[in-house]
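Structure below is start-v9.cif: mmCIF, C-alpha atoms.
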```cif
data_model
#
loop_
_atom_site.group_PDB
_atom_site.id
_atom_site.type_symbol
_atom_site.label_atom_id
_atom_site.label_comp_id
_atom_site.auth_asym_id
_atom_site.auth_seq_id
_atom_site.Cartn_x
_atom_site.Cartn_y
_atom_site.Cartn_z
ATOM 1 C CA MET A 1 27.497 130.599 135.303
ATOM 2 C CA LYS A 2 27.336 134.260 136.287
ATOM 3 C CA LEU A 3 29.611 136.898 134.825
ATOM 4 C CA PRO A 4 31.651 137.510 138.039
ATOM 5 C CA GLU A 5 32.340 133.786 138.337
ATOM 6 C CA LYS A 6 33.393 133.588 134.686
ATOM 7 C CA LEU A 7 35.651 136.601 135.143
ATOM 8 C CA SER A 8 37.196 135.109 138.299
ATOM 9 C CA LYS A 9 37.770 131.785 136.571
ATOM 10 C CA TRP A 10 39.409 133.534 133.618
ATOM 11 C CA LEU A 11 41.517 135.839 135.800
ATOM 12 C CA LYS A 12 42.951 133.401 138.377
ATOM 13 C CA PRO A 13 45.221 131.348 136.070
ATOM 14 C CA ARG A 14 46.457 134.510 134.350
ATOM 15 C CA LEU A 15 47.354 136.135 137.648
ATOM 16 C CA ARG A 16 49.170 132.944 138.623
ATOM 17 C CA LEU A 17 51.022 133.013 135.310
ATOM 18 C CA TRP A 18 51.947 136.661 135.913
ATOM 19 C CA ARG A 19 53.344 135.841 139.377
ATOM 20 C CA MET A 20 55.384 133.009 137.903
ATOM 21 C CA TYR A 21 56.731 135.276 135.183
ATOM 22 C CA ASN A 22 57.685 137.920 137.756
ATOM 23 C CA GLU A 23 59.505 135.372 139.869
ATOM 24 C CA LEU A 24 61.350 133.552 137.073
ATOM 25 C CA GLY A 25 61.550 136.107 134.282
ATOM 26 C CA TYR A 26 60.190 133.628 131.742
ATOM 27 C CA ILE A 27 57.263 131.227 131.250
ATOM 28 C CA PRO A 28 58.593 127.805 132.296
ATOM 29 C CA TRP A 29 56.588 125.595 129.921
ATOM 30 C CA ARG A 30 57.143 127.676 126.811
ATOM 31 C CA LYS A 31 59.395 125.876 124.378
ATOM 32 C CA PRO A 32 62.462 127.832 123.276
ATOM 33 C CA ARG A 33 62.461 128.993 119.715
ATOM 34 C CA LYS A 34 64.500 127.060 117.255
ATOM 35 C CA LYS A 35 67.557 128.921 116.166
ATOM 36 C CA LYS A 36 67.638 129.717 112.490
ATOM 37 C CA GLU A 37 70.585 128.436 110.599
ATOM 38 C CA LYS A 38 72.783 131.303 109.517
ATOM 39 C CA LYS A 39 74.480 131.275 106.200
ATOM 40 C CA PRO A 40 78.251 131.288 106.512
ATOM 41 C CA ARG A 41 79.827 134.614 105.584
ATOM 42 C CA LYS A 42 83.343 135.219 104.504
ATOM 43 C CA GLY A 43 85.444 137.751 106.335
ATOM 44 C CA VAL A 44 84.521 139.857 109.350
ATOM 45 C CA TYR A 45 80.822 140.611 109.659
ATOM 46 C CA ILE A 46 78.793 142.459 112.278
ATOM 47 C CA GLY A 47 75.065 142.339 111.709
ATOM 48 C CA THR A 48 72.484 144.958 112.623
ATOM 49 C CA ARG A 49 71.466 143.009 115.718
ATOM 50 C CA GLU A 50 74.937 143.462 117.163
ATOM 51 C CA ALA A 51 75.386 147.076 116.038
ATOM 52 C CA ILE A 52 72.028 148.723 116.837
ATOM 53 C CA PRO A 53 70.944 149.069 120.501
ATOM 54 C CA PHE A 54 67.824 147.188 121.648
ATOM 55 C CA LEU A 55 68.006 144.690 118.769
ATOM 56 C CA ASN A 56 70.141 142.093 120.547
ATOM 57 C CA ASN A 57 68.452 139.764 123.019
ATOM 58 C CA ASP A 58 70.168 140.999 126.185
ATOM 59 C CA ALA A 59 69.216 144.630 125.526
ATOM 60 C CA LYS A 60 65.601 143.763 124.638
ATOM 61 C CA ARG A 61 65.312 141.563 127.721
ATOM 62 C CA THR A 62 66.772 144.299 129.956
ATOM 63 C CA PHE A 63 64.361 146.880 128.555
ATOM 64 C CA SER A 64 61.254 144.704 128.905
ATOM 65 C CA HIS A 65 62.122 143.435 132.383
ATOM 66 C CA LEU A 66 62.891 146.955 133.667
ATOM 67 C CA LEU A 67 59.452 147.951 132.456
ATOM 68 C CA LEU A 68 57.511 144.894 133.683
ATOM 69 C CA ARG A 69 59.476 143.425 136.626
ATOM 70 C CA PRO A 70 62.263 145.879 137.575
ATOM 71 C CA GLY A 71 62.860 144.790 141.174
ATOM 72 C CA TYR A 72 62.861 141.088 140.285
ATOM 73 C CA MET A 73 65.380 141.790 137.528
ATOM 74 C CA MET A 74 67.669 143.632 139.971
ATOM 75 C CA ARG A 75 67.376 140.672 142.370
ATOM 76 C CA ASP A 76 68.272 138.267 139.535
ATOM 77 C CA TYR A 77 71.394 140.264 138.689
ATOM 78 C CA ILE A 78 72.569 141.331 142.162
ATOM 79 C CA MET A 79 71.510 138.502 144.492
ATOM 80 C CA ARG A 80 71.239 135.517 142.165
ATOM 81 C CA GLY A 81 74.242 136.281 139.968
ATOM 82 C CA GLN A 82 72.397 135.965 136.644
ATOM 83 C CA HIS A 83 74.773 138.310 134.833
ATOM 84 C CA GLU A 84 74.533 136.652 131.423
ATOM 85 C CA ARG A 85 70.808 137.357 130.930
ATOM 86 C CA TYR A 86 70.938 141.153 131.065
ATOM 87 C CA LEU A 87 73.038 144.088 129.975
ATOM 88 C CA ALA A 88 75.688 145.027 132.498
ATOM 89 C CA PRO A 89 74.544 148.020 134.613
ATOM 90 C CA PHE A 90 76.977 150.595 133.250
ATOM 91 C CA THR A 91 76.585 149.352 129.688
ATOM 92 C CA ALA A 92 72.814 149.674 130.124
ATOM 93 C CA LEU A 93 73.259 153.254 131.402
ATOM 94 C CA LEU A 94 75.294 154.243 128.351
ATOM 95 C CA VAL A 95 72.913 152.540 125.903
ATOM 96 C CA PHE A 96 69.695 153.879 127.434
ATOM 97 C CA TYR A 97 70.854 157.461 127.911
ATOM 98 C CA SER A 98 72.661 157.645 124.549
ATOM 99 C CA VAL A 99 69.432 156.700 122.776
ATOM 100 C CA PHE A 100 67.396 159.051 124.981
ATOM 101 C CA THR A 101 69.805 161.964 124.361
ATOM 102 C CA LEU A 102 69.582 161.389 120.618
ATOM 103 C CA ILE A 103 65.769 161.347 120.711
ATOM 104 C CA VAL A 104 65.585 164.510 122.835
ATOM 105 C CA ALA A 105 68.066 166.313 120.559
ATOM 106 C CA VAL A 106 65.819 165.562 117.569
ATOM 107 C CA VAL A 107 62.422 166.121 119.209
ATOM 108 C CA LYS A 108 63.247 168.999 121.541
ATOM 109 C CA PRO A 109 66.528 170.716 120.604
ATOM 110 C CA GLY A 110 68.019 173.284 122.956
ATOM 111 C CA THR A 111 66.979 171.551 126.187
ATOM 112 C CA GLU A 112 70.636 171.278 127.255
ATOM 113 C CA LYS A 113 70.516 174.943 128.314
ATOM 114 C CA ASP A 114 67.354 174.637 130.392
ATOM 115 C CA SER A 115 68.968 173.215 133.522
ATOM 116 C CA MET A 116 69.450 174.852 136.910
ATOM 117 C CA ALA A 117 73.164 175.342 136.200
ATOM 118 C CA ASP A 118 72.346 177.420 133.109
ATOM 119 C CA SER A 119 69.880 179.510 135.103
ATOM 120 C CA LEU A 120 72.625 180.185 137.661
ATOM 121 C CA ILE A 121 75.075 181.128 134.906
ATOM 122 C CA ARG A 122 72.599 183.613 133.452
ATOM 123 C CA GLY A 123 71.894 184.983 136.935
ATOM 124 C CA PHE A 124 75.591 185.454 137.722
ATOM 125 C CA SER A 125 76.147 187.098 134.315
ATOM 126 C CA ASP A 126 73.307 189.548 134.925
ATOM 127 C CA ALA A 127 74.589 190.316 138.431
ATOM 128 C CA ALA A 128 78.113 190.955 137.120
ATOM 129 C CA LEU A 129 76.758 193.200 134.359
ATOM 130 C CA MET A 130 74.663 195.227 136.793
ATOM 131 C CA ASP A 131 77.646 195.633 139.082
ATOM 132 C CA GLU A 132 79.808 196.906 136.212
ATOM 133 C CA LEU A 133 77.177 199.501 135.305
ATOM 134 C CA GLN A 134 77.057 200.927 138.816
ATOM 135 C CA ASP A 135 78.326 204.441 139.475
ATOM 136 C CA GLU A 136 81.887 204.964 140.663
ATOM 137 C CA ASP A 137 80.488 206.247 143.973
ATOM 138 C CA ALA A 138 79.854 202.593 144.867
ATOM 139 C CA HIS A 139 83.635 202.183 145.096
ATOM 140 C CA LEU A 140 84.724 205.668 146.143
ATOM 141 C CA LYS A 141 83.452 206.993 149.472
ATOM 142 C CA ILE A 142 83.869 210.648 150.550
ATOM 143 C CA ASP A 143 83.977 211.159 154.342
ATOM 144 C CA ASP A 144 82.669 214.218 156.179
ATOM 145 C CA ASP A 145 86.133 215.707 156.505
ATOM 146 C CA GLY A 146 86.658 215.500 152.749
ATOM 147 C CA THR A 147 88.974 212.484 152.693
ATOM 148 C CA ALA A 148 88.337 209.803 150.074
ATOM 149 C CA THR A 149 88.468 206.116 150.911
ATOM 150 C CA PHE A 150 88.170 203.247 148.433
ATOM 151 C CA ASN A 151 85.321 200.816 149.141
ATOM 152 C CA VAL A 152 86.287 197.275 148.088
ATOM 153 C CA SER A 153 82.998 195.596 148.980
ATOM 154 C CA GLY A 154 81.767 195.978 145.402
ATOM 155 C CA GLU A 155 85.019 194.535 144.071
ATOM 156 C CA LYS A 156 84.719 191.549 146.407
ATOM 157 C CA LEU A 157 81.155 190.910 145.320
ATOM 158 C CA ARG A 158 82.123 191.088 141.635
ATOM 159 C CA THR A 159 85.031 188.692 142.166
ATOM 160 C CA ILE A 160 82.845 186.177 144.018
ATOM 161 C CA VAL A 161 80.127 186.322 141.346
ATOM 162 C CA ASN A 162 82.612 185.946 138.471
ATOM 163 C CA THR A 163 84.419 183.077 140.199
ATOM 164 C CA MET A 164 81.171 181.166 140.729
ATOM 165 C CA LYS A 165 80.149 181.800 137.125
ATOM 166 C CA ASP A 166 83.531 180.579 135.826
ATOM 167 C CA ALA A 167 83.314 177.445 138.007
ATOM 168 C CA LEU A 168 79.912 176.597 136.517
ATOM 169 C CA LEU A 169 81.101 177.358 132.980
ATOM 170 C CA LEU A 170 83.976 174.891 133.369
ATOM 171 C CA THR A 171 81.410 172.078 133.518
ATOM 172 C CA ARG A 172 79.514 173.299 130.410
ATOM 173 C CA LEU A 173 82.159 174.694 128.063
ATOM 174 C CA ASP A 174 80.783 172.673 125.135
ATOM 175 C CA LEU A 175 77.478 174.589 125.430
ATOM 176 C CA TYR A 176 79.227 177.978 125.842
ATOM 177 C CA PRO A 177 82.077 177.947 123.286
ATOM 178 C CA GLU A 178 82.646 181.693 123.742
ATOM 179 C CA ALA A 179 83.915 180.943 127.266
ATOM 180 C CA ALA A 180 86.613 178.563 125.956
ATOM 181 C CA ASP A 181 89.215 181.323 125.614
ATOM 182 C CA ALA A 182 92.271 179.150 126.291
ATOM 183 C CA PRO A 183 93.642 176.010 124.602
ATOM 184 C CA TRP A 184 93.067 173.837 127.685
ATOM 185 C CA LYS A 185 89.487 175.069 127.886
ATOM 186 C CA GLN A 186 88.943 174.188 124.225
ATOM 187 C CA SER A 187 90.269 170.672 124.889
ATOM 188 C CA LEU A 188 87.970 170.379 127.914
ATOM 189 C CA ALA A 189 85.025 171.581 125.809
ATOM 190 C CA ALA A 190 85.725 168.850 123.226
ATOM 191 C CA ILE A 191 85.790 166.175 125.957
ATOM 192 C CA GLU A 192 82.564 167.498 127.487
ATOM 193 C CA GLY A 193 80.863 167.527 124.077
ATOM 194 C CA ASP A 194 81.825 163.894 123.501
ATOM 195 C CA LEU A 195 80.527 162.895 126.942
ATOM 196 C CA ARG A 196 77.305 164.875 126.469
ATOM 197 C CA SER A 197 76.615 163.142 123.153
ATOM 198 C CA LYS A 198 76.629 159.837 125.042
ATOM 199 C CA GLY A 199 74.182 161.164 127.656
ATOM 200 C CA ILE A 200 76.681 160.823 130.509
ATOM 201 C CA PRO A 201 75.953 164.227 132.167
ATOM 202 C CA LEU A 202 72.273 163.244 132.336
ATOM 203 C CA PHE A 203 72.924 160.419 134.784
ATOM 204 C CA LEU A 204 76.418 160.837 136.252
ATOM 205 C CA GLY A 205 75.549 163.123 139.179
ATOM 206 C CA ASN A 206 72.374 161.228 140.053
ATOM 207 C CA PHE A 207 74.183 157.908 139.786
ATOM 208 C CA LEU A 208 76.850 158.919 142.310
ATOM 209 C CA MET A 209 74.247 160.337 144.701
ATOM 210 C CA ILE A 210 71.918 157.312 144.502
ATOM 211 C CA TRP A 211 74.899 154.980 144.849
ATOM 212 C CA LEU A 212 75.971 156.646 148.112
ATOM 213 C CA VAL A 213 72.400 156.527 149.417
ATOM 214 C CA LEU A 214 71.867 152.858 148.511
ATOM 215 C CA ILE A 215 75.145 151.870 150.171
ATOM 216 C CA VAL A 216 73.709 153.215 153.428
ATOM 217 C CA VAL A 217 70.109 152.032 152.928
ATOM 218 C CA LEU A 218 70.817 148.499 151.635
ATOM 219 C CA ARG A 219 73.611 147.720 154.085
ATOM 220 C CA ARG A 220 71.260 145.928 156.490
ATOM 221 C CA TYR A 221 70.120 143.668 153.622
ATOM 222 C CA LYS A 222 73.743 142.507 153.084
ATOM 223 C CA ILE A 223 74.084 144.151 149.666
ATOM 224 C CA SER A 224 77.650 145.257 148.955
ATOM 225 C CA ALA A 225 78.827 148.549 147.474
ATOM 226 C CA SER A 226 79.122 146.964 144.024
ATOM 227 C CA GLY A 227 75.573 145.602 144.354
ATOM 228 C CA ALA A 228 74.357 149.078 145.356
ATOM 229 C CA ALA A 229 76.096 150.500 142.269
ATOM 230 C CA ALA A 230 74.337 147.971 140.023
ATOM 231 C CA ALA A 231 70.984 148.751 141.666
ATOM 232 C CA SER A 232 71.455 152.525 141.249
ATOM 233 C CA ALA A 233 72.368 152.056 137.578
ATOM 234 C CA TYR A 234 69.268 149.964 136.883
ATOM 235 C CA VAL A 235 67.055 152.420 138.807
ATOM 236 C CA LEU A 236 68.305 155.232 136.581
ATOM 237 C CA CYS A 237 67.683 153.098 133.482
ATOM 238 C CA GLN A 238 64.140 152.566 134.755
ATOM 239 C CA PHE A 239 63.753 156.339 135.196
ATOM 240 C CA CYS A 240 65.056 156.797 131.641
ATOM 241 C CA ILE A 241 62.304 154.526 130.280
ATOM 242 C CA PHE A 242 59.637 156.597 132.021
ATOM 243 C CA MET A 243 61.304 159.832 130.873
ATOM 244 C CA PHE A 244 60.911 158.554 127.335
ATOM 245 C CA LEU A 245 57.246 157.710 128.040
ATOM 246 C CA ALA A 246 56.742 161.229 129.465
ATOM 247 C CA LEU A 247 58.283 162.682 126.311
ATOM 248 C CA LEU A 248 55.987 160.516 124.198
ATOM 249 C CA LEU A 249 52.786 161.292 126.130
ATOM 250 C CA SER A 250 53.500 165.038 126.258
ATOM 251 C CA LEU A 251 54.197 165.097 122.488
ATOM 252 C CA GLY A 252 57.806 166.130 122.983
ATOM 253 C CA GLN A 253 57.155 168.894 125.504
ATOM 254 C CA ASN A 254 58.283 167.385 128.809
ATOM 255 C CA THR A 255 60.814 164.817 130.026
ATOM 256 C CA ASN A 256 60.692 165.449 133.773
ATOM 257 C CA LEU A 257 59.461 162.841 136.223
ATOM 258 C CA GLY A 258 57.602 164.049 139.269
ATOM 259 C CA LEU A 259 58.903 163.321 142.751
ATOM 260 C CA ILE A 260 55.847 161.184 143.517
ATOM 261 C CA LEU A 261 56.339 159.023 140.398
ATOM 262 C CA MET A 262 60.011 158.441 141.216
ATOM 263 C CA GLY A 263 59.014 157.481 144.750
ATOM 264 C CA ILE A 264 56.426 155.013 143.437
ATOM 265 C CA LEU A 265 58.979 153.405 141.115
ATOM 266 C CA LEU A 266 61.501 153.096 143.925
ATOM 267 C CA PHE A 267 58.802 151.651 146.214
ATOM 268 C CA ILE A 268 58.014 148.950 143.612
ATOM 269 C CA ASP A 269 61.728 148.183 143.205
ATOM 270 C CA TYR A 270 62.186 147.664 146.940
ATOM 271 C CA CYS A 271 59.094 145.449 147.223
ATOM 272 C CA GLN A 272 60.225 143.186 144.398
ATOM 273 C CA MET A 273 63.990 143.150 144.944
ATOM 274 C CA LEU A 274 64.052 142.724 148.734
ATOM 275 C CA GLN A 275 60.803 140.689 149.005
ATOM 276 C CA ILE A 276 59.482 142.933 151.799
ATOM 277 C CA GLY A 277 55.992 144.177 152.624
ATOM 278 C CA ASN A 278 54.453 147.458 151.580
ATOM 279 C CA LYS A 279 55.001 149.093 154.983
ATOM 280 C CA LYS A 280 58.712 148.320 155.080
ATOM 281 C CA ALA A 281 59.134 149.340 151.441
ATOM 282 C CA LEU A 282 57.395 152.662 152.110
ATOM 283 C CA LYS A 283 59.669 153.364 155.086
ATOM 284 C CA LEU A 284 62.706 152.449 152.980
ATOM 285 C CA THR A 285 61.573 154.762 150.169
ATOM 286 C CA ILE A 286 61.114 157.698 152.571
ATOM 287 C CA LYS A 287 64.470 156.926 154.171
ATOM 288 C CA THR A 288 66.098 156.921 150.719
ATOM 289 C CA GLY A 289 64.639 160.345 149.933
ATOM 290 C CA LEU A 290 65.831 161.810 153.258
ATOM 291 C CA TRP A 291 69.348 160.439 152.825
ATOM 292 C CA TYR A 292 69.436 161.758 149.251
ATOM 293 C CA LEU A 293 68.433 165.228 150.457
ATOM 294 C CA LEU A 294 71.058 165.135 153.209
ATOM 295 C CA PHE A 295 73.859 164.116 150.838
ATOM 296 C CA LEU A 296 72.734 166.758 148.334
ATOM 297 C CA ILE A 297 72.858 169.534 150.943
ATOM 298 C CA LEU A 298 76.283 168.392 152.190
ATOM 299 C CA ILE A 299 77.816 168.203 148.709
ATOM 300 C CA TYR A 300 76.449 171.595 147.616
ATOM 301 C CA ALA A 301 77.570 173.137 150.916
ATOM 302 C CA ILE A 302 81.112 171.775 150.478
ATOM 303 C CA ILE A 303 81.352 172.901 146.840
ATOM 304 C CA GLY A 304 79.838 176.317 147.582
ATOM 305 C CA THR A 305 82.184 176.891 150.527
ATOM 306 C CA ALA A 306 85.235 175.867 148.480
ATOM 307 C CA VAL A 307 84.284 178.201 145.604
ATOM 308 C CA PHE A 308 83.570 181.061 148.022
ATOM 309 C CA LEU A 309 86.911 180.660 149.809
ATOM 310 C CA PHE A 310 88.730 180.491 146.470
ATOM 311 C CA ALA A 311 86.996 183.685 145.344
ATOM 312 C CA MET A 312 87.880 185.458 148.594
ATOM 313 C CA SER A 313 91.515 184.459 148.164
ATOM 314 C CA LYS A 314 91.563 186.188 144.767
ATOM 315 C CA VAL A 315 90.326 189.556 146.092
#
```
Target encoding structure tokens, full file:
Amino acid sequence: MKLPEKLSKWLKPRLRLWRMYNELGYIPWRKPRKKKEKKPRKGVYIGTREAIPFLNNDAKRTFSHLLLRPGYMMRDYIMRGQHERYLAPFTALLVFYSVFTLIVAVVKPGTEKDSMADSLIRGFSDAALMDELQDEDAHLKIDDDGTATFNVSGEKLRTIVNTMKDALLLTRLDLYPEAADAPWKQSLAAIEGDLRSKGIPLFLGNFLMIWLVLIVVLRRYKISASGAAAASAYVLCQFCIFMFLALLLSLGQNTNLGLILMGILLFIDYCQMLQIGNKKALKLTIKTGLWYLLFLILIYAIIGTAVFLFAMSKV
């Protein structure tokens, strides 16, 4: 027998086994393991398997299935109602991102201040400082006839810049404790620090955006708003796994996923979850990206307009 024939004969049953595993989530003829008899313990006891993430069966199964068969797992949970086999979507979000935040804090400390919001805060601070150092002639204008008029354009610009900076600082007071100059700001900073330690800011904004997009995109497939929320949570957990892999492969230097990689992951999810062809899944992935961009522009436009109007009202 030639080598290609041997390879084909060896590969066919394994590919069939892989398709069966993807469809069912388990190998049907494998006998379940016998449960070990546990020694009775007196009093209240919580073992390490219940206390440490990824050591209980549901968490390990959720992690492995999101890595190997993510779309099939979402279909099991959302469309087939197999809720007992996996971690609940929001519980999975908290577990995955809490562990990821802890790892990033150890491997690459200081990354919390590398976001776009922090760049904007530094930019607004520099702009306000430069405006304060300007000459008084920027505010006092002498006409040809010798009369002096006060120019408020510089004051308006400073007020707008400071208002936008303060609005951004309100969302990151735990990272800028010097800005918490009032008791209510100190309380808000404590709440934000507790939420950040659980990794919630890492996924909250993206979760809401992807949820809105999936409500629109998956409506024709008869998936409800709660199903779209579960799908968006599992998609973000899948992204978290690959963020951890990126951190591992880059030796702790990078955690960002490229736009192409996120599109590929979403394409695979659609193919497996909705049982559609590659062409339809590609169109759905592009449609998801366009809707996400549209919602992002609308939300930033609304927030920017509200902050600008509030700053103008203070002048």
Residue IDs satisfying the PyMOL selection byres ((chain A and resi 229) around 10), as a compact mmCIF listing (two decimals) with C-alpha atoms, keeping the file's coordinate frame:
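Full text of part10.txt as output:
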```
# COMPACT_ATOMS: atom_id res chain seq x y z
CA ILE A 78 72.57 141.33 142.16
CA PRO A 89 74.54 148.02 134.61
CA PHE A 90 76.98 150.60 133.25
CA PHE A 207 74.18 157.91 139.79
CA LEU A 208 76.85 158.92 142.31
CA ILE A 210 71.92 157.31 144.50
CA TRP A 211 74.90 154.98 144.85
CA LEU A 212 75.97 156.65 148.11
CA LEU A 214 71.87 152.86 148.51
CA ILE A 215 75.14 151.87 150.17
CA ILE A 223 74.08 144.15 149.67
CA SER A 224 77.65 145.26 148.96
CA ALA A 225 78.83 148.55 147.47
CA SER A 226 79.12 146.96 144.02
CA GLY A 227 75.57 145.60 144.35
CA ALA A 228 74.36 149.08 145.36
CA ALA A 230 74.34 147.97 140.02
CA ALA A 231 70.98 148.75 141.67
CA SER A 232 71.46 152.52 141.25
CA ALA A 233 72.37 152.06 137.58
CA TYR A 234 69.27 149.96 136.88
CA VAL A 235 67.06 152.42 138.81
```
Fewer than 3 positions away in the same chain doesn't count, so skip those; otherwise give me all residues within 8 Å of Thr163 in chain A, counting all atoms listed in the file, as a short mmCIF file (atom, residue, chain, number, x, y, z; two decimals) with C-alpha atoms, keeping the file's coordinate frame.
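So the final result, stored in result_15.cif, reads:
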```cif
data_model
loop_
_atom_site.label_atom_id
_atom_site.label_comp_id
_atom_site.auth_asym_id
_atom_site.auth_seq_id
_atom_site.Cartn_x
_atom_site.Cartn_y
_atom_site.Cartn_z
CA THR A 159 85.03 188.69 142.17
CA ILE A 160 82.84 186.18 144.02
CA ASP A 166 83.53 180.58 135.83
CA ALA A 167 83.31 177.44 138.01
CA VAL A 307 84.28 178.20 145.60
CA ALA A 311 87.00 183.68 145.34
#
```
> Which of these, A:Tyr21, A:Phe96, A:Tyr26, A:Tyr292, has the shortest distance to Gln238 in chain A once you count all atoms listed in the file?
Replying inline: A:Phe96
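Comparing A:Trp18, A:Phe267, A:Trp10, A:Tyr86 by their smallest distance to Leu68 in chain A, the closest is A:Trp18 (using all atoms listed in the file).
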>> For a quick check of your reading of the model, name the residues lying within 12 Å of the coordinate (72.3, 163.4, 152.7), counting all atoms listed in the file, and write them as a ChimeraX atom specification.
In response: /A:209-214,216-217,287-301
>> If I take CA of Ala92 in chain A and CA of Met262 in chain A, how far is one from the other in Å, to one decimal?
In response: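 Pair CA of Ala92 in chain A / CA of Met262 in chain A returns 19.1 Å.
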> Using only C-alpha atoms, which residues sit within 12 Å of Asn254 in chain A once same-chain residues fewer than 2 positions away are excluded, as a PyMOL selection string?
Replying inline: chain A and resi 104+107-108+111+114+242-252+256-258
> Separation of CA of Phe239 in chain A and CA of Ser197 in chain A, in Å?
Replying inline: 18.9 Å
> Between A:Lys185, A:His65, A:Arg75, A:Lys198, which has the minimum distance to Thr91 in chain A (counting all atoms listed in the file)?
Replying inline: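 Counting all atoms listed in the file, the residue closest to Thr91 in chain A is A:Lys198.
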> Mind pulling up the distance from CA of Thr171 in chain A to CA of Leu188 in chain A?
Replying inline: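 Calculated distance between CA of Leu188 in chain A and CA of Thr171 in chain A is 8.8 Å.
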> Quick one: residues within 9 Å of Gly263 in chain A, all atoms listed in the file counted, chain neighbours fewer than 3 positions away excluded, as a count of residues only?
Replying inline: 10
Give the padded box for range 170-187 of chain A as JSON: axis-aligned, covering all atoms listed in the file, 4 Å on each side, centre and edge lengths in Å to one decimal.
```
{"center_x": 85.6, "center_y": 176.2, "center_z": 128.4, "size_x": 24.2, "size_y": 19.0, "size_z": 18.2}
```
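Shortest separation to Lys222 in chain A among A:Leu204, A:Met79, A:Leu261, A:Leu87 occurs at residue A:Met79, atoms counted being only C-alpha atoms.
Of the listed residues A:Phe308, A:Pro28, A:Arg196, A:Tyr270, the one whose atoms come nearest to Lys283 in chain A is A:Tyr270, with distances taken using all atoms listed in the file.
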> In terms of the shortest atom-to-atom distance over only C-alpha atoms, which of A:Met20, A:Ile200, A:Leu170, A:Val106 is closest to Arg69 in chain A?
Replying inline: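 Using only C-alpha atoms, the shortest distance to Arg69 in chain A belongs to A:Met20.
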> Contacts of Tyr72 in chain A at 8 Å or less, counting only C-alpha atoms, minus same-chain residues fewer than 5 places along, as number ranges by chain?
Replying inline: A: 22-23, 25, 269, 272-273
> Mind listing as a list in words all residues within 8 Å of (71.1, 161.9, 131.0), counting all atoms listed in the file?
Replying inline: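 Residues lying no farther than 8 Å from the given point: Tyr97, Ser98, Phe100, Thr101, Gly199, Ile200, Pro201, Leu202, Phe203, Leu204 and Cys240 of chain A.
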